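Worksheet for the structure shown next.
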Amino acid sequence: LMIFLFSLILPFFLFLILSLSRRPLPSEGAFQKAKEGRKNPPAEEPQAAQPQVFPQITFEDVAGLDEVKEELWEIIDFLKDPQRYEKMGAKLPRGVLFYGPPGTGKTLLAKAAAQEASASFHFASGSEFVEKYVGVGAKRVRNLFEKARREGPSIIFIDEIDAIGARRTNESNNEKDQTLNQLLVEMDGFQPNETVIVMAATNRLDLLDEALIRPGRFDRQIYMGNPDLKVREEILSVHFRNKPVDGSVALKSIARRTPGMSGAHLASIANEAAILAVRFHKRSIGEKEIDMAIEKVLAGPEHKRCVISPREREKIAFHEAGHALVSKFFGHESVPKVSIISRGRALGYTMQVPREDRYLITATELKDKIQVLFGGRAAESLIYNELSSGAKDDLKKANQLAREMVCQLGMSSLGNIVYEAGDLKENAAVENEIRRIIDDCYEGALGILKNNFQTLSDIARRLMEQETLLEEELDQIIGKRKISPPSPA
Ligand code: ATP
């Protein structure tokens, strides 16, 4: 069982969680081929990556991000006409670092900038430079820059720069250090008339070596966050541009239902909706396809044929009813759907959508979130007096949030101290604080369910009857009975 929370939390908070799960990016060219199937160090280094041919993407295809585009226009102008800058004695930054959660358009923007500047685009992923043999990564960096310099106006884009640019530690890693040093050397060695710009992207700015982000190297750093309501609508209009859509479909309403989602999520919703319309033999995309696409992107594909025993089905129903009831009690987010149809890895799910874009979250709201996460397990324990494996993801998320509160956000009795991963080994005080938050939240969730036992049972029963409940149906079941708070300890 799993609950899908896709609220927007503090941008840096999202970072930590999202950046744990990186989507692999396409990596082409000789770097990749050179790695495949080779066990021994290469006698001769292969050619650097060929500039790759991408569909023509311009700034028109990148929605929103107006300020970022404005910054990049200067660079594009320089690539087109370097003499103007030279005559004025102006030095333009050679390194632009995009940082932010995955899927927010970092790669897209770099490609578009290359297209706008009629420059060649050289894509490389940081992980392609990570090699076992000392000197191989460094040589690849050298080749990449040599090639770009030969090509004339060029943009080198290094995705996942943290794979080579992570802070150096005392434990020396010769190969990694040499690769990073080579990158620094290349960036320091630009001649004024050279029209090569290096762009890089990371989800973890905090991991990068200071040397890399000091002036003269990646000194222009641009944050790319998840889009707000207006930009979500613009991104949707880019991706629905060439798709026939029913007149009744309003992109604004899709944008309202997708806070916290990235550009990549929205692109995927548009594509999934189009695929569904084809599957249903429709002439255009309607609300139904869009609803289904949002759910699919959020929670994975449905597994309707998954055979589940009646006893397990009942457990799943109580688990999801627990999440839904605790969420309704706090009311911070809407609960558009609760379902016991399995999807992706989840056996059931409770969809929660923030009521508006949020950039800050309070300590109380964070604790409420943890209680919602515990709603499923608490319901199982209350009804069956036994725990199941179904709360694994919920527990993981609850623990991550509690740890974040104590170690990063100064939201515990330990005060405004930040604890880095390295400080944490056997730090009993930190562990105690995390445990206290976790235990209090679990007790809180259990208390809400105990005091609203009848409502919990009614929701679970209806879920077993009809598999899916919409928010109106949930509200009907709760009806005039208010959800009572837990009894004081
Ligand atoms: P990662 O950090 O995972 O490398 P990224 O930030 O580089 O991600 P992109 O690869 O640029 O993300 O974006 C993925 C896809 O999302 C794009 O190909 C595009 O379809 C869509 N997308 C993201 N942002 C935008 C945007 N502002 N306008 C239009 N489409 C967007």
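Simple scheme: letters A, B, ... for chains in structure tokens order, numbers from 1 for residues in each chain, numbers from 1 for ligands in the order shown.
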Kindly assemble as CSV a list of the chain A residues that lie within 6 Å of ligand 1, each paired with its nearest atom pair and their distance in Å to one decimal, using only C-alpha atoms and all ligand atoms, sorted first by chain and then by ascending residue number.
```
residue,atom,partner,partner_atom_place_in_ligand_line,distance
A:Arg23,CA,ligand 1,3 (O),5.5
A:Asp61,CA,ligand 1,29 (C),5.7
A:Val62,CA,ligand 1,28 (N),3.7
A:Ala63,CA,ligand 1,28 (N),3.8
A:Gly64,CA,ligand 1,27 (N),5.6
A:Pro101,CA,ligand 1,2 (O),5.9
A:Pro102,CA,ligand 1,2 (O),3.4
A:Gly103,CA,ligand 1,12 (O),3.4
A:Thr104,CA,ligand 1,6 (O),3.9
A:Gly105,CA,ligand 1,11 (O),3.1
A:Lys106,CA,ligand 1,6 (O),3.8
A:Thr107,CA,ligand 1,11 (O),3.7
A:Leu108,CA,ligand 1,11 (O),3.8
A:Asn203,CA,ligand 1,2 (O),6.0
A:Ile235,CA,ligand 1,28 (N),4.7
A:Gly263,CA,ligand 1,23 (C),3.5
A:Ala264,CA,ligand 1,16 (O),3.1
A:Ala267,CA,ligand 1,20 (O),5.0
```
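Near region 74-81 of chain A, within a cut-off of 6 Å and counting only C-alpha atoms, sit the residues Ala117, Pro153 and Thr195 of chain A, with same-chain residues fewer than 5 positions away left out.
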Could you find all residues in region 132-284 of chain A that DSSP calls strand (DSSP E) from the backbone, and write them as a compact mmCIF listing (two decimals) with C-alpha atoms, in the first residue's frame?
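Ended up saving to result36.txt:
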```
# COMPACT_ATOMS: atom_id res chain seq x y z
CA SER A 154 29.25 25.55 -29.12
CA ILE A 155 27.37 24.75 -25.98
CA ILE A 156 28.72 21.89 -23.90
CA PHE A 157 26.01 20.53 -21.60
CA ILE A 158 27.11 18.29 -18.74
CA ASP A 159 24.15 16.67 -17.02
CA VAL A 196 32.31 27.88 -26.11
CA ILE A 197 29.87 28.00 -23.23
CA VAL A 198 29.63 25.24 -20.65
CA MET A 199 26.25 24.53 -19.14
CA ALA A 200 25.72 21.95 -16.45
CA ALA A 201 22.85 20.61 -14.41
CA THR A 202 22.49 19.07 -11.00
CA ARG A 220 26.15 31.90 -13.01
CA GLN A 221 23.83 29.63 -11.08
CA ILE A 222 20.21 29.39 -12.03
CA TYR A 223 17.58 27.69 -9.92
```
Practice problem: From a DSSP pass on the backbone, collect the residues of region 333-401 of chain A flagged as helix (DSSP H, G or I) and hand them back as a ChimeraX atom specification. | Solution: /A:363-384,389-401
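Of the residues listed (A:Arg214, A:Arg232, A:His239, A:Arg84), A:Arg232 shows the shortest atom-to-atom separation from Ile254 (chain A); distances use only C-alpha atoms.
CA of Gly447 (chain A) is found 14.4 Å from CA of Lys367 (chain A).
When only C-alpha atoms are used to measure the gap to Lys243 (chain A), the shortest distance among A:Met261, A:Ile294, A:Ala138, A:Ile285 belongs to A:Ile285.
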Write out as a short mmCIF file (atom, residue, chain, number, x, y, z; two decimals) with N, CA, C and O atoms, in the first residue's frame each polymer residue whose atoms come within 10 Å of Gly126 (chain A), counting only C-alpha atoms; drop sequence neighbours fewer than 2 positions from it.
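Listed below is the output, selection05.cif:
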```
data_model
loop_
_atom_site.label_atom_id
_atom_site.label_comp_id
_atom_site.auth_asym_id
_atom_site.auth_seq_id
_atom_site.Cartn_x
_atom_site.Cartn_y
_atom_site.Cartn_z
N SER A 27 22.18 9.06 -22.95
CA SER A 27 23.57 9.44 -23.14
C SER A 27 24.06 8.75 -24.39
O SER A 27 23.94 7.55 -24.52
N PHE A 123 26.32 17.10 -25.71
CA PHE A 123 25.72 16.59 -24.47
C PHE A 123 26.62 15.52 -23.85
O PHE A 123 27.10 14.63 -24.55
N ALA A 124 26.84 15.63 -22.59
CA ALA A 124 27.54 14.55 -21.88
C ALA A 124 26.94 14.44 -20.49
O ALA A 124 26.48 15.43 -19.93
N GLU A 128 29.35 9.57 -17.35
CA GLU A 128 30.18 9.03 -18.43
C GLU A 128 31.67 9.27 -18.20
O GLU A 128 32.50 8.66 -18.86
N PHE A 129 31.98 10.18 -17.28
CA PHE A 129 33.39 10.48 -17.04
C PHE A 129 33.93 9.69 -15.86
O PHE A 129 35.10 9.78 -15.53
N VAL A 130 33.05 8.99 -15.19
CA VAL A 130 33.49 8.27 -13.99
C VAL A 130 34.04 6.92 -14.41
O VAL A 130 33.30 6.07 -14.91
N GLY A 137 38.88 9.51 -17.34
CA GLY A 137 37.84 10.54 -17.25
C GLY A 137 38.40 11.89 -17.68
O GLY A 137 37.78 12.62 -18.45
N VAL A 141 37.25 14.46 -20.73
CA VAL A 141 36.90 15.87 -20.57
C VAL A 141 37.69 16.69 -21.60
O VAL A 141 37.14 17.55 -22.30
N PHE A 157 26.95 20.71 -22.71
CA PHE A 157 26.01 20.53 -21.60
C PHE A 157 26.41 19.28 -20.83
O PHE A 157 26.44 18.18 -21.39
N ILE A 158 26.75 19.45 -19.56
CA ILE A 158 27.11 18.29 -18.74
C ILE A 158 25.99 18.06 -17.72
O ILE A 158 25.80 18.85 -16.79
N ASP A 159 25.23 17.00 -17.95
CA ASP A 159 24.15 16.67 -17.02
C ASP A 159 24.76 15.92 -15.84
O ASP A 159 25.83 15.33 -15.96
N GLU A 160 24.06 15.94 -14.72
CA GLU A 160 24.55 15.24 -13.51
C GLU A 160 25.99 15.60 -13.22
O GLU A 160 26.84 14.73 -13.01
N ILE A 161 26.28 16.89 -13.21
CA ILE A 161 27.66 17.34 -12.98
C ILE A 161 28.18 16.85 -11.64
O ILE A 161 29.39 16.67 -11.45
N ASP A 162 27.27 16.58 -10.70
CA ASP A 162 27.72 16.13 -9.37
C ASP A 162 28.49 14.82 -9.43
O ASP A 162 29.28 14.52 -8.53
N ALA A 163 28.28 14.03 -10.50
CA ALA A 163 29.01 12.76 -10.60
C ALA A 163 30.52 13.02 -10.70
O ALA A 163 31.32 12.21 -10.24
N ILE A 164 30.92 14.16 -11.29
CA ILE A 164 32.37 14.46 -11.32
C ILE A 164 32.72 15.64 -10.41
O ILE A 164 33.85 15.78 -9.99
N GLY A 165 31.70 16.47 -10.13
CA GLY A 165 32.01 17.72 -9.43
C GLY A 165 31.73 17.69 -7.95
O GLY A 165 31.73 18.73 -7.30
N ALA A 200 25.76 23.21 -17.20
CA ALA A 200 25.72 21.95 -16.45
C ALA A 200 24.47 21.92 -15.60
O ALA A 200 23.86 22.96 -15.35
N ALA A 201 24.07 20.73 -15.21
CA ALA A 201 22.85 20.61 -14.41
C ALA A 201 23.08 19.66 -13.25
O ALA A 201 23.86 18.70 -13.36
N THR A 202 22.44 19.97 -12.16
CA THR A 202 22.49 19.07 -11.00
C THR A 202 21.21 19.19 -10.19
O THR A 202 20.55 20.23 -10.21
#
```
Just want the 10 Å neighbourhood of His303 (chain A), counted on only C-alpha atoms, with same-chain residues fewer than 6 positions away dropped. Output as a tab-separated table (two decimals) with N, CA and C atoms, in the first residue's frame.
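As written to disk, out06.tsv reads:
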```tsv
chain	number	residue	atom	x	y	z
A	341	ILE	N	-7.84	-0.18	-6.05
A	341	ILE	CA	-7.37	-0.83	-7.27
A	341	ILE	C	-5.85	-0.67	-7.28
A	342	SER	N	-5.13	-1.77	-7.50
A	342	SER	CA	-3.68	-1.62	-7.39
A	342	SER	C	-3.12	-0.92	-8.62
A	343	ARG	N	-2.10	-0.15	-8.37
A	343	ARG	CA	-1.47	0.68	-9.41
A	343	ARG	C	0.02	0.70	-9.17
A	344	GLY	N	0.80	0.57	-10.23
A	344	GLY	CA	2.25	0.57	-10.03
A	344	GLY	C	2.61	-0.43	-8.94
A	345	ARG	N	3.40	0.03	-7.96
A	345	ARG	CA	3.79	-0.87	-6.86
A	345	ARG	C	2.76	-0.84	-5.75
A	346	ALA	N	1.77	0.06	-5.85
A	346	ALA	CA	0.85	0.25	-4.74
A	346	ALA	C	-0.37	-0.65	-4.85
A	347	LEU	N	-0.80	-1.19	-3.72
A	347	LEU	CA	-2.00	-2.05	-3.75
A	347	LEU	C	-3.27	-1.21	-3.65
```
Self-check item: Point-to-point distance from CA of Lys176 (chain A) to CA of Leu109 (chain A), Å rounded to tenths
Solution: 28.0 Å
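Closest approach to Ser118 (chain A) from the set A:Glu146, A:Glu151, A:Glu380, A:Glu210 is made by A:Glu151, with distances taken over only C-alpha atoms.
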Quiz prompt | Long-range neighbours of region 184-186 of chain A as a PyMOL selection string, 8 Å cut-off, only C-alpha atoms, 6 positions minimum in chain | solution = chain A and resi 142+145+211-212+217
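Candidate residues A:Arg149, A:Lys91, A:Lys296, A:His281 were compared for distance to Gly216 (chain A), and the nearest is A:Lys91, using only C-alpha atoms.
With CA of Pro301 (chain A) on one side and CA of Gly260 (chain A) on the other, the separation reads 20.1 Å.
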